[in-house]
>>> print(open('run-v2.txt').read())   # compact mmCIF, C-alpha atoms
# COMPACT_ATOMS: atom_id res chain seq x y z
CA MET A 1196 73.51 -11.10 60.51
CA LYS A 1197 75.85 -8.20 60.35
CA ASN A 1198 72.98 -5.74 60.56
CA ILE A 1199 71.49 -7.44 63.62
CA PHE A 1200 74.84 -7.25 65.46
CA LYS A 1201 75.16 -3.57 64.59
CA SER A 1202 71.65 -2.85 65.94
CA VAL A 1203 72.32 -4.64 69.22
CA THR A 1204 75.61 -2.79 69.66
CA GLU A 1205 73.98 0.60 69.15
CA ASP A 1206 71.19 -0.28 71.56
CA LEU A 1207 73.65 -1.28 74.28
CA THR A 1208 75.73 1.79 73.66
CA ALA A 1209 72.69 4.08 74.03
CA LYS A 1210 71.58 2.40 77.24
CA PHE A 1211 75.09 2.68 78.69
CA ALA A 1212 75.29 6.38 77.81
CA LYS A 1213 71.87 7.03 79.37
CA LYS A 1214 72.91 5.22 82.51
CA LYS A 1215 76.16 7.15 82.59
CA ARG A 1216 74.27 10.45 82.34
CA GLY A 1217 72.06 9.41 85.24
CA VAL A 1218 75.06 8.64 87.38
CA ARG A 1219 76.55 12.03 86.56
CA LYS A 1220 73.32 13.79 87.58
CA GLU A 1221 73.29 11.93 90.89
CA ILE A 1222 76.91 12.87 91.52
CA LYS A 1223 76.24 16.53 90.68
CA LEU A 1224 73.15 16.60 92.90
CA SER A 1225 75.09 15.01 95.72
CA VAL A 1226 77.90 17.54 95.40
CA LEU A 1227 75.42 20.41 95.23
CA CYS A 1228 73.63 19.22 98.37
CA GLY A 1229 76.95 18.92 100.17
CA THR A 1230 77.98 22.39 99.12
CA PHE A 1231 74.63 23.83 100.27
CA ALA A 1232 74.94 22.09 103.62
CA LEU A 1233 78.47 23.43 104.09
CA PHE A 1234 77.27 26.96 103.20
CA ALA A 1235 74.41 26.71 105.67
CA VAL A 1236 76.75 25.58 108.46
CA THR A 1237 79.15 28.42 107.63
CA LEU A 1238 76.31 30.95 107.59
CA ILE A 1239 75.00 29.78 110.96
CA SER A 1240 78.53 29.86 112.35
CA CYS A 1241 79.03 33.43 111.06
CA ASN A 1242 75.70 34.56 112.48
CA GLU A 1243 76.59 33.12 115.86
CA LYS A 1244 79.98 34.81 115.70
CA LYS A 1245 78.39 38.14 114.74
CA ALA A 1246 75.89 37.78 117.54
CA GLU A 1247 78.75 37.41 119.99
CA GLU A 1248 80.84 40.32 118.62
CA PRO A 1249 78.72 43.29 119.85
CA GLN A 1250 79.02 42.24 123.47
CA GLU A 1251 82.79 41.90 123.21
CA GLU A 1252 83.07 45.19 121.27
CA GLU A 1253 80.82 46.99 123.72
CA LYS A 1254 82.95 45.80 126.58
CA SER A 1255 86.21 46.73 124.88
CA THR A 1256 85.03 50.26 124.07
CA THR A 1257 83.74 51.13 127.52
CA GLU A 1258 86.21 49.48 129.90
CA VAL A 1259 89.96 49.38 130.37
CA ALA A 1260 92.18 47.80 133.01
CA LEU A 1261 95.69 48.61 134.21
CA THR A 1262 98.04 46.67 136.41
CA GLU A 1263 99.23 48.25 139.63
CA SER A 1264 102.60 49.03 138.05
CA GLN A 1265 100.96 50.61 134.98
CA TYR A 1266 98.68 52.60 137.27
CA LYS A 1267 101.67 54.07 139.11
CA THR A 1268 103.76 54.63 135.98
CA VAL A 1269 101.04 56.59 134.21
CA GLY A 1270 100.40 58.65 137.34
CA ILE A 1271 96.66 58.19 137.47
CA GLU A 1272 94.92 60.52 139.92
CA THR A 1273 91.28 60.42 140.95
CA GLY A 1274 88.89 62.90 142.46
CA SER A 1275 85.22 63.74 142.66
CA VAL A 1276 82.82 66.22 141.13
CA GLU A 1277 83.06 69.66 142.76
CA ASP A 1278 80.69 72.61 142.79
CA ARG A 1279 82.55 75.46 141.13
CA ASN A 1280 81.70 79.10 140.46
CA LEU A 1281 82.30 79.28 136.70
CA ASN A 1282 81.69 82.04 134.19
CA LYS A 1283 80.03 81.59 130.83
CA VAL A 1284 82.02 83.64 128.33
CA ILE A 1285 81.70 84.99 124.81
CA LYS A 1286 84.96 85.33 122.89
CA ALA A 1287 85.56 88.48 120.86
CA ASN A 1288 88.45 90.17 119.08
CA GLY A 1289 89.14 93.87 118.78
CA TYR A 1290 91.73 96.57 119.35
CA THR A 1291 92.69 99.26 121.81
CA THR A 1292 91.65 102.84 121.16
CA VAL A 1293 91.07 106.15 122.95
CA PRO A 1294 87.94 108.34 123.19
CA PRO A 1295 87.69 111.11 120.55
CA GLN A 1296 88.31 113.79 123.17
CA ASN A 1297 91.63 112.12 124.08
CA SER A 1298 93.08 112.25 120.58
CA ALA A 1299 93.94 115.44 118.69
CA GLU A 1300 95.03 116.31 115.15
CA VAL A 1301 96.78 119.66 115.53
CA SER A 1302 96.52 122.08 112.60
CA THR A 1303 96.74 125.82 112.01
CA LEU A 1304 94.02 128.36 111.32
CA ILE A 1305 96.35 130.43 109.14
CA GLY A 1306 98.93 129.31 106.63
CA GLY A 1307 102.57 130.19 107.01
CA THR A 1308 106.17 129.11 106.84
CA VAL A 1309 107.37 126.80 109.61
CA LYS A 1310 109.87 128.75 111.71
CA ASP A 1311 110.68 126.40 114.62
CA ILE A 1312 109.72 122.90 115.87
CA PHE A 1313 110.10 122.35 119.62
CA VAL A 1314 109.11 118.68 120.16
CA LEU A 1315 109.98 115.21 118.96
CA GLU A 1316 107.71 112.23 118.33
CA GLY A 1317 106.98 110.45 121.63
CA THR A 1318 107.42 113.60 123.73
CA TYR A 1319 104.85 114.11 126.49
CA VAL A 1320 103.31 117.59 126.39
CA ASN A 1321 100.79 119.47 128.52
CA LYS A 1322 97.79 121.33 127.20
CA GLY A 1323 98.90 124.73 125.83
CA LYS A 1324 102.48 123.64 125.14
CA VAL A 1325 103.95 125.31 122.02
CA LEU A 1326 104.80 122.56 119.53
CA ALA A 1327 106.05 124.79 116.71
CA THR A 1328 105.81 128.31 115.28
CA ILE A 1329 104.92 129.55 111.83
CA GLN A 1330 105.42 132.98 110.27
CA ASN A 1331 102.75 134.99 108.46
CA LEU A 1332 102.84 138.75 107.83
CA GLU A 1333 99.04 138.97 107.86
CA VAL A 1334 99.14 138.62 111.62
CA ILE A 1335 100.74 142.07 111.90
CA GLY A 1336 97.74 143.55 110.09
CA MET A 1337 95.36 141.80 112.53
CA GLN A 1338 97.19 143.32 115.49
CA GLU A 1339 97.06 146.77 113.87
CA ASP A 1340 93.33 146.40 113.24
CA TYR A 1341 92.77 145.50 116.87
CA GLN A 1342 94.85 148.36 118.24
CA SER A 1343 93.20 150.84 115.85
CA ALA A 1344 89.74 149.68 116.90
CA VAL A 1345 90.66 150.01 120.56
CA ALA A 1346 91.92 153.57 119.99
CA ASN A 1347 88.70 154.47 118.16
CA VAL A 1348 86.63 153.00 120.96
CA GLU A 1349 88.45 155.21 123.50
CA TYR A 1350 87.88 158.36 121.39
CA LEU A 1351 84.23 157.55 120.63
CA GLN A 1352 83.58 156.74 124.28
CA LEU A 1353 84.61 160.29 125.22
CA GLU A 1354 82.57 161.75 122.36
CA TYR A 1355 79.63 159.60 123.39
CA ASN A 1356 79.77 160.96 126.95
CA ARG A 1357 79.96 164.61 125.68
CA GLN A 1358 77.11 164.23 123.20
CA LYS A 1359 74.95 162.51 125.78
CA THR A 1360 75.36 165.47 128.12
CA LEU A 1361 74.54 167.98 125.38
CA SER A 1362 71.58 165.92 124.30
CA ASP A 1363 70.23 165.72 127.82
CA GLU A 1364 70.47 169.55 128.06
CA ASN A 1365 68.87 169.93 124.62
CA VAL A 1366 71.90 171.84 123.33
CA ASN A 1367 72.64 169.57 120.34
CA PRO A 1368 70.15 167.63 118.27
CA ARG A 1369 69.34 164.08 119.39
CA LYS A 1370 70.46 162.83 115.98
CA THR A 1371 74.11 163.74 116.60
CA PHE A 1372 74.11 161.73 119.81
CA GLN A 1373 72.62 158.70 118.05
CA GLU A 1374 75.33 158.83 115.34
CA VAL A 1375 78.12 158.82 117.89
CA LYS A 1376 76.48 155.98 119.77
CA ALA A 1377 76.30 153.84 116.58
CA LYS A 1378 79.97 154.52 115.70
CA LEU A 1379 81.02 153.52 119.21
CA ALA A 1380 79.14 150.19 119.00
CA ALA A 1381 80.67 149.45 115.57
CA GLU A 1382 84.23 150.09 116.76
CA ARG A 1383 83.69 147.98 119.85
CA ALA A 1384 82.53 145.12 117.62
CA ARG A 1385 85.55 145.55 115.32
CA ALA A 1386 87.93 145.52 118.28
CA GLN A 1387 86.30 142.38 119.72
CA ALA A 1388 86.48 140.58 116.36
CA ALA A 1389 90.16 141.41 115.97
CA LYS A 1390 90.82 140.21 119.50
CA ASN A 1391 88.99 136.93 118.87
CA LYS A 1392 91.11 136.27 115.77
CA LEU A 1393 94.34 136.88 117.65
CA ASP A 1394 93.19 134.75 120.58
CA ALA A 1395 92.35 131.88 118.23
CA LEU A 1396 95.86 132.12 116.80
CA HIS A 1397 97.32 132.35 120.33
CA VAL A 1398 98.92 135.68 119.41
CA ASN A 1399 99.24 138.46 121.95
CA THR A 1400 97.12 141.56 121.21
CA LYS A 1401 99.89 143.87 122.36
CA GLY A 1402 102.87 144.65 120.18
CA THR A 1403 103.46 143.50 116.63
CA THR A 1404 104.69 140.07 115.54
CA SER A 1405 104.41 137.82 112.52
CA VAL A 1406 105.02 134.60 114.48
CA VAL A 1407 102.06 132.29 115.22
CA PRO A 1408 102.51 129.51 117.81
CA ILE A 1409 101.06 125.99 117.24
CA VAL A 1410 99.94 124.73 120.66
CA SER A 1411 98.73 121.36 121.96
CA PRO A 1412 94.99 121.30 122.75
CA ILE A 1413 95.29 118.35 125.22
CA ASN A 1414 97.76 116.58 127.50
CA GLY A 1415 99.36 113.59 125.84
CA PHE A 1416 102.16 112.16 123.77
CA VAL A 1417 103.17 113.61 120.44
CA GLY A 1418 102.57 111.17 117.63
CA LYS A 1419 103.44 111.67 113.99
CA ILE A 1420 104.91 115.05 113.00
CA ASN A 1421 103.91 116.04 109.46
CA ILE A 1422 105.89 119.27 109.02
CA ALA A 1423 109.52 120.29 108.55
CA LYS A 1424 111.32 123.51 109.29
CA GLY A 1425 111.08 125.96 106.39
CA ALA A 1426 108.08 124.16 104.81
CA PHE A 1427 104.76 125.89 104.25
CA ALA A 1428 102.00 124.81 106.62
CA ASN A 1429 98.56 124.88 105.03
CA THR A 1430 95.32 125.40 106.91
CA GLY A 1431 93.18 122.30 107.54
CA VAL A 1432 96.16 119.92 107.29
CA SER A 1433 97.27 117.89 110.32
CA LEU A 1434 100.67 119.03 111.53
CA PHE A 1435 100.92 116.96 114.75
CA GLU A 1436 99.15 114.06 116.43
CA VAL A 1437 98.73 114.16 120.20
CA VAL A 1438 97.25 111.16 122.07
CA ASP A 1439 96.26 110.88 125.73
CA ASN A 1440 96.48 107.17 126.69
CA SER A 1441 95.15 107.64 130.22
CA GLN A 1442 91.57 106.90 129.11
CA MET A 1443 92.29 103.86 126.94
CA HIS A 1444 89.39 101.57 126.07
CA LEU A 1445 88.59 98.62 123.80
CA ASP A 1446 86.50 98.34 120.67
CA LEU A 1447 85.38 94.68 120.45
CA ASN A 1448 83.61 93.10 117.48
CA VAL A 1449 80.66 90.98 118.66
CA TYR A 1450 78.60 88.85 116.26
CA GLU A 1451 74.86 89.26 115.90
CA LYS A 1452 74.08 85.87 117.51
CA ASP A 1453 75.79 86.93 120.77
CA LEU A 1454 74.26 90.40 121.08
CA GLY A 1455 71.36 89.21 123.23
CA SER A 1456 73.80 88.15 125.96
CA ILE A 1457 75.77 91.43 126.04
CA SER A 1458 74.84 94.24 128.42
CA ILE A 1459 76.46 97.35 129.90
CA GLY A 1460 78.43 96.71 133.09
CA GLN A 1461 79.66 93.21 132.20
CA VAL A 1462 83.28 92.48 133.07
CA ILE A 1463 85.74 91.35 130.42
CA ASP A 1464 89.19 89.74 130.51
CA PHE A 1465 91.51 90.33 127.57
CA VAL A 1466 95.06 89.62 126.48
CA LEU A 1467 97.16 91.39 123.87
CA THR A 1468 97.33 89.14 120.81
CA ASN A 1469 100.92 90.06 119.93
CA GLN A 1470 102.20 90.65 123.45
CA SER A 1471 102.43 88.66 126.68
CA ASN A 1472 99.54 86.57 127.94
CA LYS A 1473 98.98 88.84 130.93
CA SER A 1474 95.25 89.15 131.53
CA ILE A 1475 93.79 92.66 131.88
CA LYS A 1476 90.27 93.46 133.05
CA GLY A 1477 87.77 95.95 131.70
CA LYS A 1478 84.06 96.81 131.86
CA ILE A 1479 81.55 97.37 129.06
CA PHE A 1480 80.21 100.95 128.94
CA GLY A 1481 78.69 101.19 125.47
CA ILE A 1482 77.13 99.07 122.70
CA ASN A 1483 76.67 100.38 119.17
CA LYS A 1484 73.19 100.24 117.64
CA SER A 1485 74.36 99.57 114.08
CA PHE A 1486 76.56 97.04 112.30
CA SER A 1487 80.18 98.03 111.82
CA ASN A 1488 80.84 96.33 108.49
CA GLU A 1489 79.82 93.53 106.15
CA SER A 1490 80.87 90.88 108.68
CA LYS A 1491 77.71 91.62 110.66
CA THR A 1492 79.52 92.57 113.84
CA VAL A 1493 78.61 95.28 116.33
CA ALA A 1494 81.21 97.38 118.16
CA VAL A 1495 81.13 96.94 121.93
CA HIS A 1496 83.13 99.48 123.95
CA ALA A 1497 84.87 98.53 127.20
CA LYS A 1498 86.71 100.82 129.60
CA ILE A 1499 90.13 99.83 130.95
CA ASP A 1500 91.28 100.82 134.43
CA PRO A 1501 93.91 103.59 134.07
CA ALA A 1502 96.34 101.60 136.24
CA ASP A 1503 96.19 98.71 133.74
CA ALA A 1504 96.30 100.97 130.68
CA LYS A 1505 99.95 101.90 131.21
CA GLY A 1506 102.08 100.75 128.32
CA LEU A 1507 99.11 100.35 125.98
CA ILE A 1508 98.89 102.30 122.75
CA PRO A 1509 95.97 102.69 120.34
CA GLY A 1510 95.64 100.01 117.67
CA MET A 1511 96.83 96.97 119.66
CA TYR A 1512 94.89 93.81 118.74
CA VAL A 1513 93.32 91.94 121.65
CA SER A 1514 91.47 88.69 122.33
CA ALA A 1515 88.79 89.10 125.00
CA ASN A 1516 86.41 86.96 127.03
CA ILE A 1517 83.15 88.69 127.93
CA ASN A 1518 81.86 87.23 131.21
CA ILE A 1519 78.14 86.67 130.76
CA VAL A 1520 76.93 84.87 133.87
CA ASN A 1521 78.47 83.56 137.06
CA ALA A 1522 76.91 80.35 138.41
CA THR A 1523 77.76 77.42 140.71
CA VAL A 1524 77.82 74.22 138.64
CA PRO A 1525 79.21 70.65 138.99
CA ALA A 1526 82.68 70.66 137.48
CA LEU A 1527 85.84 68.59 137.01
CA PRO A 1528 89.39 69.56 136.02
CA LYS A 1529 89.36 70.09 132.26
CA ASP A 1530 91.89 67.26 131.71
CA ALA A 1531 89.37 64.79 133.16
CA VAL A 1532 87.07 65.19 130.15
CA VAL A 1533 88.20 63.47 126.92
CA LYS A 1534 86.60 63.31 123.48
CA ASN A 1535 86.04 60.10 121.51
CA ALA A 1536 84.45 60.58 118.08
CA ASP A 1537 81.63 63.08 118.67
CA LYS A 1538 81.05 62.26 122.35
CA TYR A 1539 82.72 63.26 125.61
CA PHE A 1540 83.66 60.89 128.45
CA VAL A 1541 85.18 60.69 131.90
CA PHE A 1542 86.66 57.53 133.45
CA VAL A 1543 85.33 56.15 136.72
CA GLN A 1544 87.40 53.68 138.76
CA GLU A 1545 85.41 50.51 139.36
CA GLU A 1546 85.56 48.72 142.70
CA GLY A 1547 85.00 45.02 143.58
CA HIS A 1548 86.80 43.36 140.68
CA ALA A 1549 88.23 40.06 141.96
CA GLU A 1550 91.75 39.11 141.07
CA GLU A 1551 91.82 36.88 138.00
CA LYS A 1552 92.71 33.21 138.56
CA HIS A 1553 95.39 31.71 136.37
CA GLU A 1554 95.65 27.98 135.61
CA HIS A 1555 99.07 26.39 135.71
CA LYS A 1556 100.22 23.07 134.26
CA GLU A 1557 101.45 20.36 136.54
CA GLY A 1558 104.99 21.09 137.68
CA GLU A 1559 104.83 24.73 136.60
CA LYS A 1560 105.85 27.22 139.28
CA GLU A 1561 103.22 29.58 140.64
CA GLU A 1562 104.06 33.10 139.44
CA ALA A 1563 102.96 36.27 141.18
CA HIS A 1564 100.31 38.15 139.16
CA GLU A 1565 99.58 41.85 139.81
CA GLU A 1566 96.15 43.03 140.74
CA GLU A 1567 94.28 45.05 138.14
CA VAL A 1568 92.59 48.42 138.46
CA HIS A 1569 89.49 48.69 136.28
CA PHE A 1570 88.05 51.84 134.77
CA LYS A 1571 84.84 52.49 132.86
CA ALA A 1572 84.11 55.31 130.40
CA ILE A 1573 81.04 57.34 131.36
CA GLU A 1574 79.47 59.72 128.83
CA VAL A 1575 79.09 63.37 129.88
CA ILE A 1576 77.90 66.61 128.32
CA PRO A 1577 80.51 69.36 128.87
CA GLY A 1578 79.57 72.98 129.50
CA THR A 1579 81.53 76.12 130.33
CA THR A 1580 85.31 75.86 130.78
CA ASP A 1581 86.84 78.46 133.10
CA LEU A 1582 89.82 78.67 135.47
CA GLY A 1583 90.98 75.15 134.50
CA PHE A 1584 87.63 73.47 135.25
CA THR A 1585 84.88 72.23 132.93
CA GLU A 1586 81.19 72.05 133.76
CA VAL A 1587 79.91 68.45 133.34
CA LYS A 1588 76.49 66.89 133.14
CA PHE A 1589 76.30 63.07 133.32
CA VAL A 1590 74.11 61.32 130.76
CA ASN A 1591 73.39 58.60 133.37
CA ASP A 1592 73.53 58.91 137.15
CA ILE A 1593 76.68 57.78 138.94
CA PRO A 1594 77.33 57.14 142.66
CA THR A 1595 78.03 60.29 144.63
CA ASN A 1596 81.30 58.82 145.95
CA ALA A 1597 82.54 57.68 142.52
CA LYS A 1598 86.29 58.01 141.95
CA ILE A 1599 86.71 59.97 138.72
CA VAL A 1600 90.07 60.07 136.93
CA THR A 1601 91.32 63.66 136.98
CA LYS A 1602 94.81 62.97 135.62
CA GLY A 1603 95.69 60.37 132.99
CA ALA A 1604 92.28 60.19 131.29
CA PHE A 1605 93.80 60.66 127.86
CA TYR A 1606 96.08 57.64 128.40
CA LEU A 1607 93.09 55.51 129.40
CA LEU A 1608 91.24 56.65 126.28
CA SER A 1609 94.18 55.61 124.08
CA ALA A 1610 94.42 52.24 125.83
CA MET A 1611 90.68 51.67 125.46
CA LYS A 1612 90.63 52.57 121.75
CA GLY A 1613 93.66 50.38 121.11
CA GLY A 1614 92.37 47.41 123.07
CA GLY A 1615 94.73 48.30 125.85
CA GLU A 1616 93.25 46.07 128.55
CA HIS A 1617 95.89 44.23 130.52
CA THR A 1618 96.41 40.60 129.46
CA HIS A 1619 98.61 37.89 130.85
>>> encode(input="run-v2.txt", output="structure tokens")
Amino acid sequence: MKNIFKSVTEDLTAKFAKKKRGVRKEIKLSVLCGTFALFAVTLISCNEKKAEEPQEEEKSTTEVALTESQYKTVGIETGSVEDRNLNKVIKANGYTTVPPQNSAEVSTLIGGTVKDIFVLEGTYVNKGKVLATIQNLEVIGMQEDYQSAVANVEYLQLEYNRQKTLSDENVNPRKTFQEVKAKLAAERARAQAAKNKLDALHVNTKGTTSVVPIVSPINGFVGKINIAKGAFANTGVSLFEVVDNSQMHLDLNVYEKDLGSISIGQVIDFVLTNQSNKSIKGKIFGINKSFSNESKTVAVHAKIDPADAKGLIPGMYVSANINIVNATVPALPKDAVVKNADKYFVFVQEEGHAEEKHEHKEGEKEEAHEEEVHFKAIEVIPGTTDLGFTEVKFVNDIPTNAKIVTKGAFYLLSAMKGGGEHTH
């Protein structure tokens, strides 16, 4: 009897456990189905929300509105596209310099001790001005050689005339006449050589002196002085620098990619990098046919008008604009064009926006609401910027009478990027 009761109990227990497991499975399945349904509803809701977002985002990133008071406070100004005569330019850097014939390194053809110095650095001198003197005793010997040769020429000239007469009358042999003629030619050559030496040293052929003057070969300003009184001046060493600034020009470094646009006769505008921003004009007169250095630049030479070259000295660094072409193009003030990411925009004032209606609760007083001024960002492609104007090309056509914001565009861009539309 005891065993039968135990068997029945185990059987009931097993059936109850099996039933319990079935209930648990149903509960789990029910919960799983509910969770899946909730996920599906959420997913659909998210998709619908995402589908709505692009329209709102597109609107917020292309339009902005200001109240009348904001419009006045910001100082918005509008205008229209104008046809402007703008220059395309190539920017280049360089420095001022003078032609080789306007710069001189003064040296001496004969060594000697410096006797006197007559100028200071920065002094303006004319061509032929004595800058200093040196002393060399060899000069006395040159003068003696010249004077001796001249005396011999005078004697031989008389002898030549006498022998010629005798030769013509067949009194003396022809050979004697030929010998005198040869001696006369030799002495004349010796006298001329001695004179040329003295002339090159700027020493007078008459008298005797050991002093050699050092003279300026050009008009200009004395630069660095490399000698001192009592020092020995060697040949081939620069003693003075003299520079004529009246023919100042520019050496500009132009990159290889811009060479095709450069030609002789083009006008340039440049400013001194380390000086005032005063603009000076010049004109290209020469283009090198070889690269200047490893940076792959070519030297372009531009002449400066002498009236504008006053006050300039060689070696001043400059920033220049080379004017390539002059054309009439549609343009706006450069402040009208703003950049957002990698695109450029202008703002056009939109017309015809009705005043927004505002609902009020019962008993609430009607408040005065300001009218709004709406603007829309229009993409453009900017071109040349010159004289405060920028060439613009619209990606899409706009009305010819469109009001384009010429002042305050940057504020509108900030308001648009920050969701700055007016709200009540």
>>> closest_atom_pairs(input="run-v2.txt", of="segment 1256-1334 of chain A", to="segment 1568-1589 of chain A", cutoff="12 Å", atoms="all atoms listed in the file", output="tab-separated table")
residue	atom	partner	partner_atom	distance
A:Thr1256	CA	A:Ala1572	CA	8.1
A:Thr1257	CA	A:Ala1572	CA	5.1
A:Glu1258	CA	A:Lys1571	CA	4.4
A:Val1259	CA	A:Phe1570	CA	5.4
A:Ala1260	CA	A:His1569	CA	4.3
A:Leu1261	CA	A:Val1568	CA	5.3
A:Thr1262	CA	A:Val1568	CA	6.1
A:Glu1263	CA	A:Val1568	CA	6.7
A:Ser1264	CA	A:Val1568	CA	10.0
A:Gln1265	CA	A:Val1568	CA	9.3
A:Tyr1266	CA	A:Val1568	CA	7.5
A:Lys1267	CA	A:Val1568	CA	10.7
A:Ile1271	CA	A:Val1568	CA	10.6
A:Thr1273	CA	A:Phe1570	CA	11.1
A:Ser1275	CA	A:Val1587	CA	11.7
A:Val1276	CA	A:Val1587	CA	8.6
A:Glu1277	CA	A:Glu1586	CA	9.5
A:Asp1278	CA	A:Glu1586	CA	9.1
A:Arg1279	CA	A:Phe1584	CA	8.0
A:Asn1280	CA	A:Asp1581	CA	9.0
A:Leu1281	CA	A:Asp1581	CA	5.9
A:Asn1282	CA	A:Asp1581	CA	6.4
A:Lys1283	CA	A:Thr1579	CA	5.7
A:Val1284	CA	A:Thr1579	CA	7.8
A:Ile1285	CA	A:Thr1579	CA	10.4
>>> closest_atom_pairs(input="run-v2.txt", of="segment 1297-1327 of chain A", to="segment 1409-1412 of chain A", cutoff="8 Å", atoms="all atoms listed in the file", output="JSON lines")
{"residue": "A:Ala1299", "atom": "CA", "partner": "A:Pro1412", "partner_atom": "CA", "distance": 7.2}
{"residue": "A:Val1301", "atom": "CA", "partner": "A:Ser1411", "partner_atom": "CA", "distance": 6.9}
{"residue": "A:Ser1302", "atom": "CA", "partner": "A:Ile1409", "partner_atom": "CA", "distance": 7.6}
{"residue": "A:Thr1303", "atom": "CA", "partner": "A:Ile1409", "partner_atom": "CA", "distance": 6.8}
{"residue": "A:Val1320", "atom": "CA", "partner": "A:Ser1411", "partner_atom": "CA", "distance": 7.4}
{"residue": "A:Asn1321", "atom": "CA", "partner": "A:Ser1411", "partner_atom": "CA", "distance": 7.1}
{"residue": "A:Lys1322", "atom": "CA", "partner": "A:Pro1412", "partner_atom": "CA", "distance": 5.3}
{"residue": "A:Gly1323", "atom": "CA", "partner": "A:Ser1411", "partner_atom": "CA", "distance": 5.1}
{"residue": "A:Lys1324", "atom": "CA", "partner": "A:Val1410", "partner_atom": "CA", "distance": 5.3}
{"residue": "A:Val1325", "atom": "CA", "partner": "A:Val1410", "partner_atom": "CA", "distance": 4.3}
{"residue": "A:Leu1326", "atom": "CA", "partner": "A:Val1410", "partner_atom": "CA", "distance": 5.4}
{"residue": "A:Ala1327", "atom": "CA", "partner": "A:Ile1409", "partner_atom": "CA", "distance": 5.2}
>>> atom_distance(input="run-v2.txt", atom1="atom CA of Gln1544 of chain A", atom2="atom CA of Gly1613 of chain A")
19.0 Å
>>> closest_residue(input="run-v2.txt", among="A:Lys1491, A:Lys1498, A:Lys1505, A:Lys1452", to="Phe1465 of chain A", atoms="all atoms listed in the file")
A:Lys1498
>>> residues_around(input="run-v2.txt", residues="Asn1483 of chain A", least_positions_apart="5", cutoff="10 Å", atoms="all atoms listed in the file", output="ChimeraX atom specification")
/A:1492-1496
>>> atom_distance(input="run-v2.txt", atom1="atom CA of Lys1310 of chain A", atom2="atom CA of Thr1404 of chain A")
13.0 Å
>>> atom_distance(input="run-v2.txt", atom1="atom CA of His1397 of chain A", atom2="atom CA of Glu1349 of chain A")
24.7 Å
>>> closest_residue(input="run-v2.txt", among="A:Asn1347, A:Ser1362, A:Asn1421, A:Gln1342", to="Leu1393 of chain A", atoms="all atoms listed in the file")
A:Gln1342
>>> closest_residue(input="run-v2.txt", among="A:Met1337, A:Val1533, A:Ile1329, A:Val1398", to="Phe1313 of chain A", atoms="only C-alpha atoms")
A:Ile1329
>>> residues_around(input="run-v2.txt", residues="Tyr1350 of chain A", least_positions_apart="6", cutoff="12 Å", atoms="all atoms listed in the file", output="compact mmCIF listing (two decimals) with C-alpha atoms, keeping the file's coordinate frame")
# COMPACT_ATOMS: atom_id res chain seq x y z
CA SER A 1343 93.20 150.84 115.85
CA ALA A 1344 89.74 149.68 116.90
CA ASN A 1356 79.77 160.96 126.95
CA ARG A 1357 79.96 164.61 125.68
CA VAL A 1375 78.12 158.82 117.89
CA LYS A 1376 76.48 155.98 119.77
CA LYS A 1378 79.97 154.52 115.70
CA LEU A 1379 81.02 153.52 119.21
CA GLU A 1382 84.23 150.09 116.76
CA ARG A 1383 83.69 147.98 119.85
>>> residues_near_point(input="run-v2.txt", point="(89.7, 65.0, 132.9)", cutoff="10 Å", atoms="all atoms listed in the file", output="list of chain:residue names")
A:Glu1272, A:Thr1273, A:Gly1274, A:Leu1527, A:Pro1528, A:Lys1529, A:Asp1530, A:Ala1531, A:Val1532, A:Val1533, A:Phe1540, A:Val1541, A:Phe1542, A:Phe1584, A:Thr1585, A:Ile1599, A:Val1600, A:Thr1601, A:Lys1602, A:Gly1603, A:Ala1604, A:Phe1605
>>> closest_residue(input="run-v2.txt", among="A:Ala1428, A:Asp1363, A:Ser1298, A:Asp1439", to="Gln1330 of chain A", atoms="all atoms listed in the file")
A:Ala1428
>>> residues_around(input="run-v2.txt", residues="Lys1359 of chain A", least_positions_apart="2", cutoff="12 Å", atoms="all atoms listed in the file", output="PDB file with C-alpha atoms, keeping the file's coordinate frame")
ATOM      1  CA  LEU A1351      84.230 157.550 120.630  1.00  0.00           C
ATOM      2  CA  GLN A1352      83.580 156.740 124.280  1.00  0.00           C
ATOM      3  CA  LEU A1353      84.610 160.290 125.220  1.00  0.00           C
ATOM      4  CA  GLU A1354      82.570 161.750 122.360  1.00  0.00           C
ATOM      5  CA  TYR A1355      79.630 159.600 123.390  1.00  0.00           C
ATOM      6  CA  ASN A1356      79.770 160.960 126.950  1.00  0.00           C
ATOM      7  CA  ARG A1357      79.960 164.610 125.680  1.00  0.00           C
ATOM      8  CA  LEU A1361      74.540 167.980 125.380  1.00  0.00           C
ATOM      9  CA  SER A1362      71.580 165.920 124.300  1.00  0.00           C
ATOM     10  CA  ASP A1363      70.230 165.720 127.820  1.00  0.00           C
ATOM     11  CA  GLU A1364      70.470 169.550 128.060  1.00  0.00           C
ATOM     12  CA  ASN A1365      68.870 169.930 124.620  1.00  0.00           C
ATOM     13  CA  VAL A1366      71.900 171.840 123.330  1.00  0.00           C
ATOM     14  CA  ASN A1367      72.640 169.570 120.340  1.00  0.00           C
ATOM     15  CA  PRO A1368      70.150 167.630 118.270  1.00  0.00           C
ATOM     16  CA  ARG A1369      69.340 164.080 119.390  1.00  0.00           C
ATOM     17  CA  LYS A1370      70.460 162.830 115.980  1.00  0.00           C
ATOM     18  CA  THR A1371      74.110 163.740 116.600  1.00  0.00           C
ATOM     19  CA  PHE A1372      74.110 161.730 119.810  1.00  0.00           C
ATOM     20  CA  GLN A1373      72.620 158.700 118.050  1.00  0.00           C
ATOM     21  CA  GLU A1374      75.330 158.830 115.340  1.00  0.00           C
ATOM     22  CA  VAL A1375      78.120 158.820 117.890  1.00  0.00           C
ATOM     23  CA  LYS A1376      76.480 155.980 119.770  1.00  0.00           C
TER      24      LYS A1376
END
